[in-house]
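Source file: run_13.csv (CSV, C-alpha atoms and all ligand atoms)
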chain,number,residue,atom,x,y,z
A,1,MET,CA,250.2,286.8,274.0
A,2,ILE,CA,247.2,284.5,274.1
A,3,VAL,CA,244.9,284.4,277.1
A,4,ALA,CA,242.7,281.3,277.0
A,5,ILE,CA,239.5,281.4,278.9
A,6,ASP,CA,237.5,278.1,279.0
A,7,GLY,CA,234.5,277.0,281.1
A,8,PRO,CA,230.9,275.8,281.0
A,9,ALA,CA,227.8,277.8,280.0
A,10,GLY,CA,227.0,280.5,282.6
A,11,SER,CA,230.5,280.5,284.2
A,12,GLY,CA,231.0,284.1,283.1
A,13,LYS,CA,233.3,283.5,280.2
A,14,SER,CA,231.9,285.9,277.6
A,15,THR,CA,231.4,288.8,280.0
A,16,VAL,CA,234.8,288.4,281.6
A,17,ALA,CA,236.7,287.7,278.3
A,18,SER,CA,235.3,290.7,276.5
A,19,ALA,CA,235.9,293.0,279.4
A,20,LEU,CA,239.5,291.7,279.9
A,21,ALA,CA,240.2,292.1,276.2
A,22,GLU,CA,239.0,295.7,276.3
A,23,ARG,CA,241.1,296.5,279.4
A,24,LEU,CA,244.3,295.0,277.9
A,25,GLY,CA,243.7,296.3,274.4
A,26,PHE,CA,243.7,292.7,273.1
A,27,LEU,CA,241.5,291.1,270.4
A,28,TYR,CA,238.5,289.2,271.7
A,29,LEU,CA,237.6,285.9,270.1
A,30,ASP,CA,234.3,284.2,271.1
A,31,THR,CA,234.7,280.7,269.6
A,32,GLY,CA,231.3,279.6,270.8
A,33,ALA,CA,229.8,282.2,268.5
A,34,MET,CA,231.6,280.4,265.6
A,35,TYR,CA,229.9,277.1,266.4
A,36,ARG,CA,226.6,278.9,266.9
A,37,ALA,CA,226.9,280.7,263.5
A,38,LEU,CA,227.6,277.5,261.7
A,39,THR,CA,224.5,275.9,263.4
A,40,TRP,CA,222.4,278.8,262.2
A,41,LEU,CA,223.8,278.5,258.6
A,42,ALA,CA,223.2,274.7,258.6
A,43,ARG,CA,219.5,275.3,259.6
A,44,ARG,CA,219.1,277.9,256.9
A,45,ASP,CA,220.6,275.7,254.2
A,46,GLY,CA,218.9,272.5,255.3
A,47,ILE,CA,222.1,270.6,256.1
A,48,ALA,CA,221.5,267.7,258.4
A,49,LEU,CA,223.1,268.3,261.8
A,50,ASP,CA,224.3,264.7,262.1
A,51,ASN,CA,226.3,265.0,258.8
A,52,GLY,CA,229.8,266.0,260.1
A,53,PRO,CA,231.6,266.1,256.7
A,54,ALA,CA,228.9,268.2,255.1
A,55,LEU,CA,228.9,270.6,258.1
A,56,ALA,CA,232.7,270.9,257.9
A,57,GLU,CA,232.5,271.7,254.2
A,58,LEU,CA,229.9,274.3,255.0
A,59,ALA,CA,232.2,275.8,257.6
A,60,LEU,CA,235.1,275.9,255.2
A,61,ALA,CA,233.0,277.6,252.5
A,62,HIS,CA,231.5,280.2,254.8
A,63,PRO,CA,234.0,281.3,257.5
A,64,VAL,CA,232.6,283.3,260.4
A,65,SER,CA,233.9,286.8,260.9
A,66,PHE,CA,233.7,289.4,263.6
A,67,SER,CA,233.2,293.1,262.9
A,68,ALA,CA,235.1,295.8,264.7
A,69,ALA,CA,231.8,296.6,266.4
A,70,GLY,CA,231.7,293.0,267.8
A,71,THR,CA,228.9,291.7,265.6
A,72,VAL,CA,229.1,288.1,264.3
A,73,GLU,CA,228.8,287.6,260.6
A,74,ILE,CA,228.5,284.6,258.3
A,75,ASP,CA,227.8,284.5,254.6
A,76,GLY,CA,227.5,288.3,254.6
A,77,GLN,CA,224.8,288.4,257.2
A,78,ASP,CA,224.9,289.8,260.8
A,79,VAL,CA,223.6,286.9,262.9
A,80,SER,CA,224.5,288.2,266.3
A,81,ALA,CA,221.0,288.1,267.7
A,82,GLU,CA,219.8,284.9,265.9
A,83,ILE,CA,222.7,282.8,267.3
A,84,ARG,CA,221.6,283.5,270.9
A,85,GLU,CA,218.2,282.1,270.5
A,86,ALA,CA,217.1,279.1,272.6
A,87,GLU,CA,216.8,276.8,269.6
A,88,ILE,CA,220.5,277.4,268.7
A,89,ASP,CA,221.4,276.8,272.4
A,90,ARG,CA,219.8,273.4,272.0
A,91,LEU,CA,221.3,272.4,268.6
A,92,VAL,CA,224.8,273.8,268.8
A,93,PRO,CA,226.3,271.0,270.9
A,94,VAL,CA,225.3,268.5,268.2
A,95,VAL,CA,227.1,270.4,265.5
A,96,ALA,CA,230.1,271.1,267.8
A,97,ARG,CA,230.6,267.3,268.5
A,98,HIS,CA,231.7,266.3,265.0
A,99,PRO,CA,235.5,265.9,264.8
A,100,GLU,CA,235.5,267.2,261.2
A,101,VAL,CA,233.7,270.4,262.3
A,102,ARG,CA,236.1,270.9,265.2
A,103,GLU,CA,239.1,270.6,263.0
A,104,VAL,CA,237.9,273.3,260.6
A,105,MET,CA,236.9,275.6,263.5
A,106,ARG,CA,240.1,275.2,265.4
A,107,GLU,CA,242.1,276.1,262.3
A,108,GLY,CA,240.0,279.2,261.8
A,109,GLN,CA,240.4,280.1,265.5
A,110,ARG,CA,244.1,279.7,265.4
A,111,SER,CA,244.4,282.0,262.4
A,112,LEU,CA,242.1,284.6,264.0
A,113,GLY,CA,244.1,284.4,267.2
A,114,ALA,CA,247.4,284.8,265.4
A,115,ALA,CA,246.3,288.3,264.3
A,116,GLY,CA,247.7,289.8,267.5
A,117,ASP,CA,247.5,289.6,271.3
A,118,SER,CA,244.2,287.9,272.0
A,119,VAL,CA,241.7,286.8,274.6
A,120,ILE,CA,240.1,283.6,273.3
A,121,GLU,CA,237.1,282.0,275.0
A,122,GLY,CA,235.7,278.6,274.5
A,123,ARG,CA,235.8,275.0,275.8
A,124,ASP,CA,239.1,273.6,274.4
A,125,ILE,CA,241.2,276.7,273.9
A,126,GLY,CA,243.9,276.1,276.6
A,127,SER,CA,244.0,272.4,275.8
A,128,VAL,CA,243.7,272.1,272.0
A,129,VAL,CA,243.3,275.4,270.1
A,130,ALA,CA,246.2,277.2,271.8
A,131,PRO,CA,248.1,274.8,274.0
A,132,THR,CA,251.0,277.2,274.2
A,133,ALA,CA,248.8,280.1,275.5
A,134,GLU,CA,250.7,282.1,278.0
A,135,VAL,CA,247.8,282.4,280.4
A,136,LYS,CA,245.1,279.7,280.7
A,137,VAL,CA,242.1,280.0,283.0
A,138,PHE,CA,239.2,277.6,283.5
A,139,LEU,CA,236.1,279.4,285.0
A,140,VAL,CA,233.6,277.5,287.1
A,141,ALA,CA,230.6,278.5,289.1
A,142,ASP,CA,227.8,276.7,291.1
A,143,GLU,CA,225.0,275.4,289.0
A,144,ALA,CA,222.4,277.6,290.8
A,145,GLU,CA,224.5,280.7,290.2
A,146,ARG,CA,225.0,279.9,286.5
A,147,ALA,CA,221.2,279.4,286.1
A,148,ARG,CA,220.6,282.8,287.8
A,149,ARG,CA,223.0,284.5,285.3
A,150,ARG,CA,221.2,282.8,282.4
A,151,THR,CA,217.9,284.2,283.7
A,152,ALA,CA,219.3,287.7,283.7
A,153,ASP,CA,220.6,287.1,280.1
A,154,ARG,CA,217.3,285.7,278.8
A,155,PRO,CA,214.5,287.8,280.2
A,156,GLY,CA,211.0,286.4,279.4
A,157,VAL,CA,212.1,282.8,279.7
A,158,GLN,CA,211.0,280.9,282.9
A,159,ALA,CA,213.8,280.4,285.5
A,160,ASP,CA,213.0,276.7,285.9
A,161,THR,CA,213.0,276.2,282.1
A,162,LEU,CA,216.4,277.9,281.9
A,163,ALA,CA,217.8,275.8,284.8
A,164,ALA,CA,216.6,272.6,283.1
A,165,ASP,CA,218.1,273.8,279.7
A,166,LEU,CA,221.4,274.5,281.4
A,167,ARG,CA,221.6,271.1,283.0
A,168,ALA,CA,220.8,269.5,279.6
A,169,ARG,CA,223.5,271.7,277.9
A,170,ASP,CA,226.1,270.7,280.5
A,171,GLU,CA,225.5,267.1,279.6
A,172,ARG,CA,225.6,267.7,275.9
A,173,ASP,CA,228.7,270.0,276.1
A,174,ALA,CA,230.7,267.7,278.4
A,175,VAL,CA,232.2,265.9,275.5
A,176,ASN,CA,233.3,269.2,273.9
A,177,THR,CA,234.8,270.6,277.1
A,178,GLN,CA,238.4,269.8,277.5
A,179,PRO,CA,240.1,271.8,280.4
A,180,ALA,CA,243.8,272.2,280.1
A,181,GLU,CA,245.7,270.5,282.9
A,182,ASP,CA,247.8,273.6,283.5
A,183,ALA,CA,244.9,276.0,283.6
A,184,VAL,CA,244.2,278.1,286.7
A,185,VAL,CA,240.7,277.2,287.9
A,186,LEU,CA,238.8,280.2,289.1
A,187,ASP,CA,235.5,279.8,290.9
A,188,THR,CA,233.4,282.8,290.0
A,189,THR,CA,230.3,281.9,292.1
A,190,GLU,CA,230.9,284.7,294.6
A,191,LEU,CA,232.9,287.0,292.5
A,192,GLY,CA,231.8,290.1,290.6
A,193,ILE,CA,232.9,290.6,286.9
A,194,ASP,CA,235.5,293.2,287.9
A,195,GLU,CA,237.1,290.9,290.5
A,196,VAL,CA,237.4,288.0,287.9
A,197,VAL,CA,238.8,290.4,285.3
A,198,GLU,CA,241.2,291.8,287.9
A,199,ALA,CA,242.4,288.3,288.9
A,200,ILE,CA,243.1,287.3,285.3
A,201,ALA,CA,244.8,290.7,284.5
A,202,ARG,CA,247.1,289.9,287.4
A,203,LEU,CA,248.0,286.6,285.9
A,204,VAL,CA,248.8,288.4,282.6
A,205,GLU,CA,251.0,290.9,284.5
A,206,GLU,CA,252.9,288.0,286.2
A,207,ARG,CA,253.5,286.4,282.8
A,208,ARG,CA,254.7,289.6,281.3
A,209,ARG,CA,257.3,290.0,284.1
A,301,LIG,O1,230.1,279.3,274.9
A,301,LIG,P1,228.8,279.1,274.1
A,301,LIG,O2,227.6,278.7,274.9
A,301,LIG,O3,228.5,280.2,273.2
A,301,LIG,O4,229.2,277.8,273.1
A,301,LIG,C1,228.3,277.4,272.2
A,301,LIG,C2,228.5,275.9,271.9
A,301,LIG,O5,229.7,275.7,271.2
A,301,LIG,C3,228.4,275.0,273.1
A,301,LIG,O6,227.6,273.9,272.8
A,301,LIG,C4,229.9,274.5,273.3
A,301,LIG,C5,230.4,274.7,271.9
A,301,LIG,N1,231.8,275.1,271.9
A,301,LIG,C6,232.8,274.2,271.7
A,301,LIG,O7,232.5,273.0,271.5
A,301,LIG,N2,234.1,274.5,271.7
A,301,LIG,C7,234.5,275.8,271.8
A,301,LIG,N3,235.8,276.2,271.8
A,301,LIG,C8,233.5,276.8,272.1
A,301,LIG,C9,232.2,276.4,272.1

Let me see the file written as structure tokens.
Amino acid sequence: MIVAIDGPAGSGKSTVASALAERLGFLYLDTGAMYRALTWLARRDGIALDNGPALAELALAHPVSFSAAGTVEIDGQDVSAEIREAEIDRLVPVVARHPEVREVMREGQRSLGAAGDSVIEGRDIGSVVAPTAEVKVFLVADEAERARRRTADRPGVQADTLAADLRARDERDAVNTQPAEDAVVLDTTELGIDEVVEAIARLVEERRR
């Protein structure tokens, strides 16, 4: 079974998707981490971020992998911490916009998701990567609440800077975000992680019956 969880930055996707995967004993696939790792690699190798074909070639030559411990690896290096830096936050939508890059990434995501029951999180999972996913959820939350969550994730960065960054990311990511028409939209603004996980686990249970 595939559970697709899509939504904007700060909607709670990663926290919810990883907790849900653990609860269900499913694989957890963070597709945003794949675009982030490619962005990191392109910076390291000096590949221009506006060169879609070169970036797609780079992605093909250096597939992203996830260790059992949950670290993100590319080209033999653990980049889990580096890919969460503010500079990658800013650059990754540029890399993710290229159709050639998306094609390579989507193929990689489909084969990783085919390894077993999976919770896959991203922006286009229910609509494009896994349109036949048995459960599709699109998480949303108020902008103020999403900014508050980011502040908790990135201690040391000013709250107003994070709120402005989030707004800019929303604009840049809009083109990459494709909600599935048949996704269940869950507003997480007033919900705790456990409540969201519980709600999605119920959808999984319903599908199983
Ligand atoms: O979810 P995140 O913030 O880690 O995503 C990082 C970037 O990758 C963000 O700019 C959106 C993009 N992305 C995408 O275009 N498609 C996906 N399936 C997942 C992420």

How close does segment 57-171 of chain A get to segment 29-34 of chain A? List, as a tab-separated table, each residue of segment 57-171 of chain A within 6 Å, its nearest atom pair and the distance in Å to one decimal, counting all atoms listed in the file.
residue	atom	partner	partner_atom	distance
A:Ile120	CA	A:Leu29	CA	4.7
A:Glu121	CA	A:Asp30	CA	5.3
A:Gly122	CA	A:Thr31	CA	5.4

- Contacts of segment 75-77 of chain A within 8 Å, all atoms listed in the file, excl. fewer than 4 positions in-chain, as a ChimeraX atom specification: /A:62-64

What does the file look like for those residues with C-alpha atoms, as a PDB file, keeping the file's coordinate frame?
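Contents of result-v6.pdb, freshly written:
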ATOM      1  CA  HIS A  62     231.500 280.200 254.800  1.00  0.00           C
ATOM      2  CA  PRO A  63     234.000 281.300 257.500  1.00  0.00           C
ATOM      3  CA  VAL A  64     232.600 283.300 260.400  1.00  0.00           C
TER       4      VAL A  64
END

- Message: Using only C-alpha atoms and all ligand atoms, which residues have at least one atom no more than 6 Å from ligand LIG 301 (chain A)? Output them as a list in words.
- Response: Ala9, Thr31, Gly32, Ala33, Tyr35, Arg36, Val92, Pro93, Ala96, Gly122, Arg123, Asp124, Ile125, Asp173 and Asn176 of chain A

- Query: Which of these residues is nearest to Ile83 of chain A, using all atoms listed in the file: A:Thr39, A:Thr177, A:Ser67, A:Ser111?
  - Reply: A:Thr39

- Query: For the atom pair atom CA of Val128 of chain A and atom CA of Ala4 of chain A, what is the interatomic distance in Å to one decimal place?
  - Reply: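 Here the two named atoms are 10.5 Å from each other.
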
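Atom pair atom CA of Glu190 of chain A / atom CA of Asp153 of chain A has a distance of 17.9 Å (rounded to one decimal).
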
- Message: Within 12 Å of (220.9, 287.6, 264.9) in the file's own coordinates, which protein, DNA or RNA residues have an atom, counting only C-alpha atoms? List them as a ChimeraX atom specification.
- Response: /A:33,36-37,40-41,71-74,77-85,88
